[in-house]
>>> print(open('start_38.cif').read())   # mmCIF, C-alpha atoms (C1' of nucleotides)
data_entry
loop_
_atom_site.label_atom_id
_atom_site.label_comp_id
_atom_site.auth_asym_id
_atom_site.auth_seq_id
_atom_site.Cartn_x
_atom_site.Cartn_y
_atom_site.Cartn_z
CA MET C 1093 36.29 6.81 24.33
CA ALA C 1094 34.63 9.98 23.17
CA GLU C 1095 30.85 10.20 23.19
CA LYS C 1096 29.63 11.25 19.81
CA THR C 1097 26.88 13.82 19.90
CA GLN C 1098 23.93 12.31 18.05
CA GLN C 1099 21.81 14.60 15.97
CA THR C 1100 18.16 14.63 16.89
CA ASP C 1101 15.62 13.55 14.30
CA ALA C 1102 11.85 13.50 13.89
CA VAL C 1103 11.55 10.37 16.01
CA ASP C 1104 13.38 12.03 18.90
CA GLU C 1105 10.70 14.70 18.86
CA ILE C 1106 8.02 12.03 19.01
CA LEU C 1107 9.78 10.36 21.92
CA ALA C 1108 9.96 13.66 23.80
CA GLN C 1109 6.22 14.08 23.35
CA TRP C 1110 5.44 10.61 24.63
CA HIS C 1111 7.78 11.12 27.56
CA ARG C 1112 5.84 14.22 28.49
CA GLU C 1113 2.40 12.68 28.06
CA ARG C 1114 2.92 9.05 28.99
CA PRO C 1115 6.17 8.60 30.94
CA ASP C 1116 5.12 5.05 31.76
CA LEU C 1117 5.64 3.82 28.19
CA ASP C 1118 8.70 1.95 26.88
CA LEU C 1119 10.32 4.74 24.91
CA ALA C 1120 13.09 2.55 23.52
CA ALA C 1121 10.55 0.29 21.82
CA ILE C 1122 8.61 3.23 20.40
CA GLY C 1123 11.82 4.68 19.03
CA ILE C 1124 13.00 1.53 17.28
CA PHE C 1125 9.65 0.76 15.68
CA GLY C 1126 9.12 4.40 14.84
CA ARG C 1127 12.44 4.51 13.01
CA LEU C 1128 11.75 1.21 11.30
CA GLY C 1129 8.40 2.47 10.07
CA ARG C 1130 9.70 5.77 8.80
CA LEU C 1131 12.66 4.07 7.19
CA SER C 1132 10.55 1.70 5.15
CA LEU C 1133 8.21 4.54 4.22
CA LEU C 1134 11.16 6.53 2.86
CA LEU C 1135 12.97 3.51 1.46
CA GLY C 1136 10.17 2.46 -0.84
CA PRO C 1137 10.26 5.49 -3.14
CA ALA C 1138 14.06 5.67 -2.95
CA LEU C 1139 14.43 2.13 -4.28
CA ASP C 1140 11.56 2.40 -6.77
CA GLU C 1141 13.35 5.32 -8.37
CA VAL C 1142 16.19 3.12 -9.58
CA ALA C 1143 13.74 0.62 -11.06
CA ALA C 1144 11.84 3.45 -12.72
CA GLY C 1145 15.09 4.46 -14.40
CA HIS C 1146 14.87 1.15 -16.24
CA GLY C 1147 11.20 1.64 -17.13
CA LEU C 1148 9.89 -0.59 -14.37
CA ARG C 1149 6.94 0.25 -12.13
CA PRO C 1150 7.08 -0.49 -8.38
CA GLY C 1151 7.00 -4.21 -7.74
CA GLU C 1152 7.82 -5.26 -11.26
CA PHE C 1153 11.54 -5.27 -10.56
CA ASP C 1154 11.04 -7.70 -7.69
CA VAL C 1155 9.35 -10.22 -9.96
CA LEU C 1156 12.10 -10.06 -12.57
CA ALA C 1157 14.82 -10.24 -9.93
CA THR C 1158 13.25 -13.33 -8.37
CA LEU C 1159 13.25 -15.05 -11.75
CA ARG C 1160 16.80 -13.92 -12.44
CA ARG C 1161 18.29 -15.20 -9.23
CA SER C 1162 16.54 -18.57 -9.55
CA GLY C 1163 19.11 -19.38 -12.24
CA PRO C 1164 18.63 -21.04 -15.62
CA PRO C 1165 16.14 -21.54 -17.12
CA TYR C 1166 14.83 -18.45 -15.23
CA THR C 1167 11.43 -20.06 -14.83
CA LEU C 1168 9.03 -20.26 -11.87
CA ILE C 1169 5.30 -20.76 -11.43
CA PRO C 1170 3.09 -17.83 -10.35
CA SER C 1171 2.34 -19.34 -6.94
CA ALA C 1172 6.02 -19.65 -6.11
CA LEU C 1173 6.58 -16.04 -7.13
CA ALA C 1174 3.65 -14.86 -5.02
CA GLN C 1175 4.87 -16.74 -1.98
CA THR C 1176 8.46 -15.52 -2.30
CA LEU C 1177 7.35 -11.91 -2.70
CA MET C 1178 4.70 -12.21 0.04
CA LEU C 1179 2.00 -11.10 -2.37
CA SER C 1180 -1.46 -12.51 -2.97
CA ARG C 1181 -1.86 -14.68 -6.03
CA ALA C 1182 -4.37 -12.17 -7.38
CA GLY C 1183 -1.78 -9.43 -7.16
CA MET C 1184 0.74 -11.63 -8.92
CA THR C 1185 -1.68 -12.26 -11.79
CA ASN C 1186 -1.91 -8.52 -12.24
CA ARG C 1187 1.85 -7.97 -12.24
CA LEU C 1188 2.48 -10.82 -14.63
CA ASP C 1189 -0.15 -9.46 -17.03
CA ARG C 1190 1.76 -6.20 -17.23
CA LEU C 1191 5.19 -7.81 -17.48
CA GLU C 1192 3.99 -10.14 -20.22
CA ALA C 1193 2.43 -7.26 -22.13
CA ALA C 1194 5.77 -5.46 -21.87
CA GLY C 1195 7.53 -8.50 -23.31
CA LEU C 1196 9.73 -9.05 -20.25
CA VAL C 1197 8.32 -12.43 -19.22
CA GLU C 1198 6.30 -15.07 -21.00
CA ARG C 1199 3.76 -17.58 -19.76
CA THR C 1200 3.96 -21.07 -21.24
CA LEU C 1201 1.91 -24.13 -20.43
CA ASP C 1202 3.29 -26.37 -17.74
CA PRO C 1203 3.33 -29.86 -19.21
CA ALA C 1204 3.41 -31.44 -15.77
CA ASP C 1205 0.46 -29.51 -14.25
CA ARG C 1206 -2.27 -28.16 -16.45
CA ARG C 1207 -3.63 -25.89 -13.71
CA SER C 1208 -0.45 -23.88 -13.77
CA PHE C 1209 1.92 -21.93 -15.99
CA ARG C 1210 5.62 -21.59 -16.27
CA VAL C 1211 6.71 -17.95 -16.10
CA SER C 1212 10.05 -17.29 -17.79
CA LEU C 1213 12.27 -14.30 -18.39
CA THR C 1214 12.48 -13.32 -22.04
CA ASP C 1215 15.85 -12.32 -23.47
CA ARG C 1216 14.82 -8.67 -23.13
CA GLY C 1217 13.67 -9.30 -19.56
CA TYR C 1218 16.98 -10.95 -18.71
CA GLU C 1219 19.07 -8.10 -20.03
CA LEU C 1220 16.88 -5.48 -18.43
CA VAL C 1221 16.84 -7.04 -14.98
CA ASP C 1222 20.55 -7.79 -15.05
CA ALA C 1223 21.30 -4.13 -15.61
CA ALA C 1224 18.66 -3.02 -13.12
CA VAL C 1225 20.01 -5.32 -10.41
CA THR C 1226 23.46 -3.84 -10.79
CA ASP C 1227 22.09 -0.33 -10.31
CA HIS C 1228 19.78 -1.42 -7.53
CA VAL C 1229 22.52 -2.98 -5.44
CA ALA C 1230 24.85 -0.05 -6.07
CA ASN C 1231 22.13 2.21 -4.72
CA GLU C 1232 21.71 0.04 -1.63
CA THR C 1233 25.46 0.02 -1.07
CA ARG C 1234 25.53 3.79 -1.36
CA LEU C 1235 22.82 4.15 1.28
CA LEU C 1236 24.65 1.77 3.61
CA SER C 1237 27.89 3.68 3.25
CA ALA C 1238 26.60 5.98 5.97
CA LEU C 1239 27.23 3.17 8.46
CA THR C 1240 30.52 1.72 9.65
CA PRO C 1241 31.19 -1.96 8.88
CA GLU C 1242 30.58 -2.74 12.53
CA GLU C 1243 27.24 -0.94 12.47
CA ARG C 1244 26.23 -2.78 9.32
CA ALA C 1245 27.06 -6.14 10.89
CA ALA C 1246 25.17 -5.25 14.06
CA LEU C 1247 22.18 -4.07 12.04
CA ASP C 1248 22.06 -7.29 10.09
CA ARG C 1249 22.29 -9.35 13.28
CA ALA C 1250 19.47 -7.43 14.92
CA LEU C 1251 17.23 -7.59 11.87
CA ARG C 1252 17.81 -11.31 11.64
CA GLY C 1253 16.81 -11.70 15.26
CA LEU C 1254 13.65 -9.66 14.83
CA LEU C 1255 12.65 -11.55 11.71
CA HIS C 1256 13.09 -14.80 13.55
CA ALA C 1257 10.93 -13.52 16.41
CA ILE C 1258 8.10 -12.48 14.13
CA GLY C 1259 8.24 -14.93 11.25
CA MET J 222 34.43 -15.78 22.55
CA ALA J 223 32.13 -18.50 21.26
CA GLU J 224 30.67 -18.17 17.77
CA LYS J 225 26.94 -18.58 17.95
CA THR J 226 25.51 -20.67 15.12
CA GLN J 227 22.97 -18.46 13.35
CA GLN J 228 19.89 -20.11 11.95
CA THR J 229 19.36 -19.59 8.27
CA ASP J 230 16.27 -17.76 7.10
CA ALA J 231 14.52 -16.98 3.83
CA VAL J 232 16.92 -14.13 3.11
CA ASP J 233 19.93 -16.43 3.44
CA GLU J 234 18.44 -18.55 0.68
CA ILE J 235 18.07 -15.47 -1.49
CA LEU J 236 21.68 -14.51 -0.82
CA ALA J 237 22.87 -17.99 -1.79
CA GLN J 238 21.00 -17.67 -5.09
CA TRP J 239 22.52 -14.28 -5.86
CA HIS J 240 25.96 -15.56 -4.93
CA ARG J 241 25.55 -18.36 -7.44
CA GLU J 242 24.17 -16.16 -10.22
CA ARG J 243 25.87 -12.83 -9.66
CA PRO J 244 28.91 -13.24 -7.41
CA ASP J 245 29.92 -9.68 -8.27
CA LEU J 246 27.08 -8.13 -6.23
CA ASP J 247 27.34 -6.70 -2.70
CA LEU J 248 25.61 -9.48 -0.80
CA ALA J 249 25.76 -7.69 2.53
CA ALA J 250 23.70 -4.82 1.17
CA ILE J 251 21.16 -7.16 -0.41
CA GLY J 252 20.80 -9.00 2.87
CA ILE J 253 20.22 -5.92 5.00
CA PHE J 254 17.66 -4.37 2.68
CA GLY J 255 16.05 -7.72 2.08
CA ARG J 256 15.56 -8.22 5.80
CA LEU J 257 14.35 -4.65 6.23
CA GLY J 258 11.77 -5.14 3.50
CA ARG J 259 10.49 -8.44 4.77
CA LEU J 260 10.41 -7.12 8.31
CA SER J 261 8.20 -4.16 7.49
CA LEU J 262 5.97 -6.41 5.38
CA LEU J 263 5.45 -8.71 8.35
CA LEU J 264 5.39 -5.93 10.91
CA GLY J 265 2.44 -4.10 9.39
CA PRO J 266 -0.17 -6.78 9.99
CA ALA J 267 1.36 -7.69 13.37
CA LEU J 268 0.93 -4.13 14.65
CA ASP J 269 -2.43 -3.57 12.96
CA GLU J 270 -3.78 -6.53 14.85
CA VAL J 271 -3.44 -4.75 18.19
CA ALA J 272 -5.24 -1.69 16.85
CA ALA J 273 -7.96 -3.92 15.40
CA GLY J 274 -8.51 -5.28 18.90
CA HIS J 275 -9.65 -1.77 19.81
CA GLY J 276 -11.89 -1.48 16.77
CA LEU J 277 -9.43 0.62 14.75
CA ARG J 278 -8.61 0.03 11.10
CA PRO J 279 -5.02 0.29 9.83
CA GLY J 280 -3.79 3.86 9.98
CA GLU J 281 -6.51 5.15 12.24
CA PHE J 282 -4.51 4.39 15.34
CA ASP J 283 -1.63 6.50 14.06
CA VAL J 284 -3.86 9.56 13.71
CA LEU J 285 -5.27 9.22 17.20
CA ALA J 286 -1.83 8.57 18.69
CA THR J 287 -0.42 11.67 17.03
CA LEU J 288 -3.18 13.78 18.55
CA ARG J 289 -2.73 12.12 21.93
CA ARG J 290 1.00 12.71 22.18
CA SER J 291 0.67 16.33 21.11
CA GLY J 292 -0.70 16.98 24.61
CA PRO J 293 -3.65 19.12 25.68
CA PRO J 294 -5.86 20.22 24.04
CA TYR J 295 -5.14 17.24 21.75
CA THR J 296 -5.73 19.37 18.69
CA LEU J 297 -3.88 19.64 15.38
CA ILE J 298 -4.74 20.75 11.87
CA PRO J 299 -5.09 18.18 9.07
CA SER J 300 -1.98 19.37 7.26
CA ALA J 301 0.18 18.88 10.33
CA LEU J 302 -1.23 15.39 10.80
CA ALA J 303 -0.58 14.52 7.15
CA GLN J 304 3.00 15.75 7.32
CA THR J 305 3.78 13.92 10.56
CA LEU J 306 2.35 10.65 9.26
CA MET J 307 3.95 11.10 5.82
CA LEU J 308 0.57 10.83 4.14
CA SER J 309 -0.98 12.91 1.39
CA ARG J 310 -3.54 15.48 2.47
CA ALA J 311 -6.15 13.65 0.41
CA GLY J 312 -5.51 10.48 2.36
CA MET J 313 -5.79 12.38 5.61
CA THR J 314 -9.18 13.79 4.62
CA ASN J 315 -10.34 10.21 4.11
CA ARG J 316 -9.06 8.99 7.47
CA LEU J 317 -10.51 11.97 9.32
CA ASP J 318 -13.90 11.39 7.70
CA ARG J 319 -13.97 7.89 9.11
CA LEU J 320 -12.68 8.88 12.53
CA GLU J 321 -15.18 11.69 12.78
CA ALA J 322 -18.04 9.40 11.76
CA ALA J 323 -16.88 7.00 14.49
CA GLY J 324 -17.02 9.83 17.03
CA LEU J 325 -13.32 9.60 17.91
CA VAL J 326 -12.27 13.04 16.62
CA GLU J 327 -14.15 16.21 15.80
CA ARG J 328 -13.49 18.97 13.31
CA THR J 329 -14.12 22.51 14.48
CA LEU J 330 -13.58 25.78 12.68
CA ASP J 331 -10.21 27.40 13.16
CA PRO J 332 -10.90 30.99 14.20
CA ALA J 333 -7.43 32.08 13.11
CA ASP J 334 -7.47 30.57 9.60
CA ARG J 335 -10.72 30.07 7.78
CA ARG J 336 -9.12 27.74 5.22
CA SER J 337 -8.40 25.22 7.93
CA PHE J 338 -9.93 23.11 10.68
CA ARG J 339 -8.89 22.10 14.13
CA VAL J 340 -9.02 18.33 14.61
CA SER J 341 -9.46 17.28 18.23
CA LEU J 342 -9.75 14.01 20.13
CA THR J 343 -13.19 13.49 21.63
CA ASP J 344 -13.43 12.07 25.13
CA ARG J 345 -14.16 8.67 23.63
CA GLY J 346 -11.21 9.06 21.27
CA TYR J 347 -8.92 9.96 24.16
CA GLU J 348 -9.89 6.97 26.25
CA LEU J 349 -9.70 4.59 23.30
CA VAL J 350 -6.28 5.70 22.12
CA ASP J 351 -4.85 5.76 25.62
CA ALA J 352 -5.77 2.12 26.08
CA ALA J 353 -4.66 1.22 22.57
CA VAL J 354 -1.26 2.88 23.02
CA THR J 355 -0.63 0.86 26.14
CA ASP J 356 -1.33 -2.38 24.29
CA HIS J 357 0.57 -1.23 21.23
CA VAL J 358 3.77 -0.47 23.11
CA ALA J 359 3.50 -3.68 25.12
CA ASN J 360 3.32 -5.55 21.84
CA GLU J 361 6.38 -3.73 20.52
CA THR J 362 8.27 -4.47 23.72
CA ARG J 363 7.35 -8.13 23.44
CA LEU J 364 8.70 -8.30 19.89
CA LEU J 365 11.92 -6.61 20.94
CA SER J 366 12.44 -9.03 23.81
CA ALA J 367 14.03 -11.37 21.28
CA LEU J 368 17.05 -9.04 21.23
CA THR J 369 19.59 -8.37 23.94
CA PRO J 370 19.79 -4.81 25.30
CA GLU J 371 23.07 -4.39 23.41
CA GLU J 372 21.47 -5.54 20.18
CA ARG J 373 18.55 -3.16 20.72
CA ALA J 374 20.90 -0.24 21.25
CA ALA J 375 22.96 -1.14 18.18
CA LEU J 376 19.79 -1.51 16.11
CA ASP J 377 18.54 1.91 17.15
CA ARG J 378 21.91 3.47 16.38
CA ALA J 379 22.04 1.92 12.93
CA LEU J 380 18.47 2.85 12.09
CA ARG J 381 19.15 6.41 13.15
CA GLY J 382 22.16 6.53 10.88
CA LEU J 383 20.25 5.16 7.91
CA LEU J 384 17.38 7.58 8.46
CA HIS J 385 19.81 10.45 8.52
CA ALA J 386 21.40 9.25 5.28
CA ILE J 387 18.08 9.00 3.47
CA GLY J 388 15.97 11.75 5.02
"C1'" DG M 1052 -4.03 48.68 0.11
"C1'" DT M 1053 -3.81 45.47 -3.74
"C1'" DC M 1054 -2.65 41.76 -6.59
"C1'" DG M 1055 -0.02 37.50 -7.39
"C1'" DA M 1056 1.77 33.44 -5.20
"C1'" DA M 1057 1.44 30.08 -1.67
"C1'" DT M 1058 -1.35 27.26 1.36
"C1'" DA M 1059 -5.59 24.47 3.39
"C1'" DG M 1060 -8.86 21.22 2.52
"C1'" DT M 1061 -11.52 18.44 -0.61
"C1'" DA M 1062 -13.27 15.99 -4.90
"C1'" DC M 1063 -12.19 13.07 -8.56
"C1'" DG M 1064 -9.93 9.55 -11.37
"C1'" DA M 1065 -6.45 6.08 -11.52
"C1'" DC M 1066 -4.16 2.31 -9.53
"C1'" DA M 1067 -2.44 -1.68 -6.73
"C1'" DT M 1068 -3.69 -4.60 -3.46
"C1'" DC M 1069 -6.54 -8.08 -0.93
"C1'" DA M 1070 -10.35 -11.41 0.26
"C1'" DA M 1071 -13.70 -14.28 -1.45
"C1'" DA M 1072 -15.74 -16.85 -5.08
"C1'" DT M 1073 -15.03 -19.72 -9.15
"C1'" DC M 1074 -13.39 -23.26 -12.20
"C1'" DA M 1075 -10.04 -26.60 -13.55
"C1'" DT M 1076 -6.89 -29.93 -12.20
"C1'" DC M 1077 -4.13 -32.72 -9.18
"C1'" DT M 1078 -3.30 -35.82 -5.02
"C1'" DC M 1079 -4.12 -39.26 -1.96
"C1'" DG M 1080 -6.63 -42.57 0.85
"C1'" DC M 1081 -9.45 -46.24 0.25
"C1'" DG H 1195 -9.83 -46.52 -10.22
"C1'" DC H 1196 -12.67 -43.09 -7.66
"C1'" DG H 1197 -14.15 -39.41 -5.00
"C1'" DA H 1198 -13.13 -35.80 -1.45
"C1'" DG H 1199 -10.22 -32.33 -0.49
"C1'" DA H 1200 -6.24 -29.52 -1.73
"C1'" DT H 1201 -4.06 -26.58 -5.03
"C1'" DG H 1202 -3.35 -23.13 -9.17
"C1'" DA H 1203 -4.83 -19.22 -11.52
"C1'" DT H 1204 -8.13 -15.89 -12.41
"C1'" DT H 1205 -12.23 -12.78 -11.85
"C1'" DT H 1206 -14.88 -9.77 -9.11
"C1'" DG H 1207 -15.82 -6.27 -5.69
"C1'" DA H 1208 -14.12 -3.43 -2.02
"C1'" DT H 1209 -10.63 -0.61 -0.01
"C1'" DG H 1210 -7.01 2.81 0.75
"C1'" DT H 1211 -3.75 5.50 -1.31
"C1'" DC H 1212 -1.83 8.95 -4.54
"C1'" DG H 1213 -1.60 12.81 -8.06
"C1'" DT H 1214 -4.13 16.38 -10.00
"C1'" DA H 1215 -7.45 19.85 -10.26
"C1'" DC H 1216 -10.29 23.10 -7.86
"C1'" DT H 1217 -12.08 26.56 -4.47
"C1'" DA H 1218 -11.35 29.47 -0.64
"C1'" DT H 1219 -8.31 31.98 2.08
"C1'" DT H 1220 -4.00 33.97 3.64
"C1'" DC H 1221 0.56 35.98 3.01
"C1'" DG H 1222 3.88 39.03 1.11
"C1'" DA H 1223 6.00 42.30 -2.07
"C1'" DC H 1224 5.41 46.49 -3.96
#
>>> encode(input="start_38.cif", output="structure tokens")
Amino acid sequence: MAEKTQQTDAVDEILAQWHRERPDLDLAAIGIFGRLGRLSLLLGPALDEVAAGHGLRPGEFDVLATLRRSGPPYTLIPSALAQTLMLSRAGMTNRLDRLEAAGLVERTLDPADRRSFRVSLTDRGYELVDAAVTDHVANETRLLSALTPEERAALDRALRGLLHAIG
Amino acid sequence: MAEKTQQTDAVDEILAQWHRERPDLDLAAIGIFGRLGRLSLLLGPALDEVAAGHGLRPGEFDVLATLRRSGPPYTLIPSALAQTLMLSRAGMTNRLDRLEAAGLVERTLDPADRRSFRVSLTDRGYELVDAAVTDHVANETRLLSALTPEERAALDRALRGLLHAIG
DNA sequence: GTCGAATAGTACGACATCAAATCATCTCGC
DNA sequence: GCGAGATGATTTGATGTCGTACTATTCGAC
């Protein structure tokens, strides 16, 4: 079993500094959370780029995709969208205003609850998000192709465990 | 080899919806990036809380920690800090203003480059960040205790691979 | 040496987000 | 039924970030 020489990265440099200054600290923990943080910082723009290719600003794709995957009639209420996307309701109001102005979703009265609205994909919104999702997932698959199937499975298992510990 | 029954989580529900609506998509990729996204969304507040316990607002801890781990004399220039923390220089100016007003760092003239400043930890800043780092890493270690050592190692390996693929 | 390009820090305007306050409506215990 | 409390959406005000423009200074090619 040959040891593969791992390339060093920016986080390794950070770990070396901490080891020098504070050898008492748990370097493994710093490394994992450091890599997680940097990854999500880099991942954001990388994923937004695909959405931007379809004319969507950051965050707008997520709203459309949530409606799309909910299935026919592609309708949810703003509160449900906000909760699913872990966004404040105020932020959701803002996003929906833009998406409605762009003609991708529409707000209709909810006959069963007059405090609320039903937010639905328009035909244009459906077509746009369906194409965007295809590109989006292809981009994710491309990024993951750097890992072996075993590494992908292990990553998913570990992330699931962490989510369970925090959530 | 016993199969362990995995609990379902919010991402599993999302995957089931996509499977129903778009069975052609790469569900494994959606799951991994979905969990990564939710994890960093939940992780931010969880880590900020520890810093807040030391009177630091989000992001301020990172600046102090970067200075601390750079070693004596705990001095860097704003551009280096911005690059390390993947922040715009404008954002760094803002953070340094607050940290300087709080007496945790000080800006002194750089004798070698009159365009620039040298940002240094004050004694108070040093003591505060040293205590905060201890708590911060303990918190990270606690979160990671949900994973086995093998899972932690596999997670770090996978994150390193992804970072290399993106960076 | 000198001039053009690159770099350091900051100011400014735009933007997305959140928390709190507000108003309308629903739910449930009585 | 009725009233208190919960819930839904929005508005408002504050905050932190970015991109751009700007000034001062340094670097490098000639």
>>> resolve_selection(input="start_38.cif", expression="the PyMOL selection byres ((chain M and resi 1068) around 12)", output="PDB file with C-alpha atoms (C1' of nucleotides), in the coordinates of the input")
ATOM      1  CA  GLY C1151       7.000  -4.210  -7.740  1.00  0.00           C
ATOM      2  CA  MET C1178       4.700 -12.210   0.040  1.00  0.00           C
ATOM      3  CA  LEU C1179       2.000 -11.100  -2.370  1.00  0.00           C
ATOM      4  CA  SER C1180      -1.460 -12.510  -2.970  1.00  0.00           C
ATOM      5  CA  ARG C1181      -1.860 -14.680  -6.030  1.00  0.00           C
ATOM      6  CA  ALA C1182      -4.370 -12.170  -7.380  1.00  0.00           C
ATOM      7  CA  GLY C1183      -1.780  -9.430  -7.160  1.00  0.00           C
ATOM      8  CA  MET C1184       0.740 -11.630  -8.920  1.00  0.00           C
ATOM      9  CA  THR C1185      -1.680 -12.260 -11.790  1.00  0.00           C
ATOM     10  CA  ASN C1186      -1.910  -8.520 -12.240  1.00  0.00           C
ATOM     11  CA  ARG C1187       1.850  -7.970 -12.240  1.00  0.00           C
TER      12      ARG C1187
ATOM     13  C1'  DC M1066      -4.160   2.310  -9.530  1.00  0.00           C
ATOM     14  C1'  DA M1067      -2.440  -1.680  -6.730  1.00  0.00           C
ATOM     15  C1'  DC M1069      -6.540  -8.080  -0.930  1.00  0.00           C
ATOM     16  C1'  DA M1070     -10.350 -11.410   0.260  1.00  0.00           C
TER      17       DA M1070
ATOM     18  C1'  DA H1208     -14.120  -3.430  -2.020  1.00  0.00           C
ATOM     19  C1'  DT H1209     -10.630  -0.610  -0.010  1.00  0.00           C
ATOM     20  C1'  DG H1210      -7.010   2.810   0.750  1.00  0.00           C
ATOM     21  C1'  DT H1211      -3.750   5.500  -1.310  1.00  0.00           C
TER      22       DT H1211
END
>>> axis_aligned_box(input="start_38.cif", around="stretch 1056-1060 of chain M", padding_each_side="3 Å", output="JSON")
{"center_x": -3.5, "center_y": 27.3, "center_z": -0.9, "size_x": 16.6, "size_y": 18.2, "size_z": 14.6}
>>> residues_around(input="start_38.cif", residues="C:Glu1141", least_positions_apart="3", cutoff="12 Å", atoms="only C-alpha atoms (C1' of nucleotides)", output="PyMOL selection string")
chain C and resi 1134-1138+1144-1151+1153+1224+1227-1228+1231-1232
>>> resolve_selection(input="start_38.cif", expression="the PyMOL selection byres ((chain H) within 10 of (chain J))", output="PyMOL selection string")
chain H and resi 1210-1213+1218-1220
>>> write_last_selection(input="start_38.cif", atoms="C-alpha atoms (C1' of nucleotides)", output="mmCIF file, in the coordinates of the input")
data_model
loop_
_atom_site.group_PDB
_atom_site.id
_atom_site.type_symbol
_atom_site.label_atom_id
_atom_site.label_comp_id
_atom_site.auth_asym_id
_atom_site.auth_seq_id
_atom_site.Cartn_x
_atom_site.Cartn_y
_atom_site.Cartn_z
ATOM 1 C "C1'" DG H 1210 -7.010 2.810 0.750
ATOM 2 C "C1'" DT H 1211 -3.750 5.500 -1.310
ATOM 3 C "C1'" DC H 1212 -1.830 8.950 -4.540
ATOM 4 C "C1'" DG H 1213 -1.600 12.810 -8.060
ATOM 5 C "C1'" DA H 1218 -11.350 29.470 -0.640
ATOM 6 C "C1'" DT H 1219 -8.310 31.980 2.080
ATOM 7 C "C1'" DT H 1220 -4.000 33.970 3.640
#
>>> atom_distance(input="start_38.cif", atom1="atom CA of C:Asp1202", atom2="atom C1' of M:DA1072")
24.8 Å
>>> atom_distance(input="start_38.cif", atom1="atom CA of C:Glu1243", atom2="atom CA of J:Ala249")
12.1 Å
>>> interface_residues(input="start_38.cif", of="chain M", to="chain J", cutoff="12 Å", atoms="only C-alpha atoms (C1' of nucleotides)", output="VMD selection string")
chain M and resid 1058 to 1063
>>> interface_residues(input="start_38.cif", of="chain C", to="chain J", cutoff="7 Å", atoms="all atoms listed in the file", output="NGL selection string")
:C and (1109-1110 or 1113 or 1117-1118 or 1121-1122 or 1124 or 1127-1128 or 1131-1132 or 1161-1163 or 1229 or 1232-1233 or 1235 or 1238-1239 or 1243 or 1246-1248 or 1250-1255 or 1257)
>>> atom_distance(input="start_38.cif", atom1="atom C1' of M:DC1054", atom2="atom C1' of H:DT1217")
18.0 Å
>>> residues_near_point(input="start_38.cif", point="(-9.8, -18.4, -10.8)", cutoff="8 Å", atoms="all atoms listed in the file", output="MDAnalysis selection string")
(chainID M and resid 1073:1074) or (chainID H and resid 1203:1205)
>>> resolve_selection(input="start_38.cif", expression="the PyMOL selection byres ((chain M and resi 1081) around 10)", output="VMD selection string")
(chain M and resid 1079 to 1080) or (chain H and resid 1196 to 1197)
>>> residues_around(input="start_38.cif", residues="M:DT1078", least_positions_apart="6", cutoff="10 Å", atoms="only C-alpha atoms (C1' of nucleotides)", output="ChimeraX atom specification")
/H:1199-1201
>>> build_atoms(input="start_38.cif", residues="stretch 328-339 of chain J", atoms="N, CA and C atoms", output="short mmCIF file (atom, residue, chain, number, x, y, z; two decimals), keeping the file's coordinate frame")
data_model
loop_
_atom_site.label_atom_id
_atom_site.label_comp_id
_atom_site.auth_asym_id
_atom_site.auth_seq_id
_atom_site.Cartn_x
_atom_site.Cartn_y
_atom_site.Cartn_z
N ARG J 328 -14.04 17.84 14.05
CA ARG J 328 -13.49 18.97 13.31
C ARG J 328 -14.24 20.22 13.74
N THR J 329 -13.49 21.23 14.15
CA THR J 329 -14.12 22.51 14.48
C THR J 329 -13.44 23.59 13.67
N LEU J 330 -14.14 24.69 13.47
CA LEU J 330 -13.58 25.78 12.68
C LEU J 330 -12.37 26.36 13.39
N ASP J 331 -11.39 26.75 12.60
CA ASP J 331 -10.21 27.40 13.16
C ASP J 331 -10.43 28.91 13.08
N PRO J 332 -10.59 29.56 14.22
CA PRO J 332 -10.90 30.99 14.20
C PRO J 332 -9.79 31.81 13.57
N ALA J 333 -8.56 31.29 13.58
CA ALA J 333 -7.43 32.08 13.11
C ALA J 333 -7.18 31.90 11.62
N ASP J 334 -7.73 30.84 11.02
CA ASP J 334 -7.47 30.57 9.60
C ASP J 334 -8.68 29.86 9.02
N ARG J 335 -9.44 30.62 8.24
CA ARG J 335 -10.72 30.07 7.78
C ARG J 335 -10.56 29.07 6.64
N ARG J 336 -9.31 28.82 6.19
CA ARG J 336 -9.12 27.74 5.22
C ARG J 336 -9.09 26.39 5.93
N SER J 337 -8.82 26.42 7.23
CA SER J 337 -8.40 25.22 7.93
C SER J 337 -9.40 24.78 9.00
N PHE J 338 -9.12 23.63 9.58
CA PHE J 338 -9.93 23.11 10.68
C PHE J 338 -9.01 22.78 11.84
N ARG J 339 -9.62 22.63 12.99
CA ARG J 339 -8.89 22.10 14.13
C ARG J 339 -9.46 20.70 14.39
#
